[in-house]
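A.B. asks: Just passing along the structure, written as structure tokens.
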Amino acid sequence: MITIKGQINRAIFFPGIILTLYILLLIITPEKALVALKSSSQVFIRLCVPLGVVFILMLLFNLYLKPADIVRFIGKESGIKGKFISASAGIISVGPVYAWYPLLKELKEKGASKDLIAIFLCNRAIKPFLLPVMISYFGWVYVSILTLFTLLGSFIVGYCIHILVKNIIE
């Protein structure tokens, strides 16, 4: 695909390079290229079903959870419900973290508590679409424990931020 400016579309750039490398390897060393292709296809097949499920879940979240609905629940008096909403929002958020800073600043100005913003930022480390990849490399037990500790750690960080901001900064 070529864009109007004549540049190669970024969506096909990386796969195009990989395809080119595989073709070159097939010409130079066909045996090794076939082994590599077989290994890559096994990883791809192993990840298709879990990734498909995660993408469907993310689609449903994005369809039914609107930012305006979330803002109502993350005020300073939101309690445990706000903490879980903030954690969930951090988990399902996508894109680079710096893109979220303006929204988080706006939410803070509208009354979102700093501990909930910290919980949101910590839980950005949990990405549902990466869990199948992690599971394929590290196994269910490791990934489950790591994810649980990341989630619990975010609540601890949020509590520490709440205490520090309340006692030191304000």
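Residues are referred to by chain and number: the chain letter is A, B, ... according to the order shown in the structure tokens, the number counts from 1 in that chain, and ligands are numbered separately from 1 in the order shown.
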Skip segment 113-126 of chain A itself and residues of its chain fewer than 3 positions away, then list as a ChimeraX atom specification all residues within 8 Å of it, counting only C-alpha atoms.

C.D. replies: /A:74-76,82-83,86-93,97,104,108,131,147,150-151,154-155,157-162,165

A.B. asks: Which polymer residues have any atom within 10 Å of an atom of Val143 of chain A, counting only C-alpha atoms, with same-chain residues fewer than 4 positions away left out, as a count of residues only?

C.D. replies: 12

A.B. asks: Can you list every residue in chain A that DSSP puts in strand (DSSP E or B), as an MDAnalysis selection string?

C.D. replies: chainID A and resid 2 8 75 112

A.B. asks: Take the residues just selected and output them with C-alpha atoms as a short mmCIF file (atom, residue, chain, number, x, y, z; two decimals), in the first residue's frame.

C.D. replies:
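The resulting file, part.cif, is reproduced below:
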```
data_model
loop_
_atom_site.label_atom_id
_atom_site.label_comp_id
_atom_site.auth_asym_id
_atom_site.auth_seq_id
_atom_site.Cartn_x
_atom_site.Cartn_y
_atom_site.Cartn_z
CA ILE A 2 1.35 3.39 -0.97
CA ILE A 8 5.28 2.96 2.34
CA GLY A 75 -13.40 11.23 42.38
CA ALA A 112 -9.82 12.73 40.48
#
```

A.B. asks: Hey, can you check how far atom CA of Thr20 of chain A sits from atom CA of Arg46 of chain A?

C.D. replies: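 The value is 23.6 Å.
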
A.B. asks: Pick out the closest residue to Ala36 of chain A from this set: A:Val49, A:Leu21, A:Leu63, A:Ile163. Count only C-alpha atoms.

C.D. replies: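 Among the listed residues, A:Leu21 lies closest to Ala36 of chain A.
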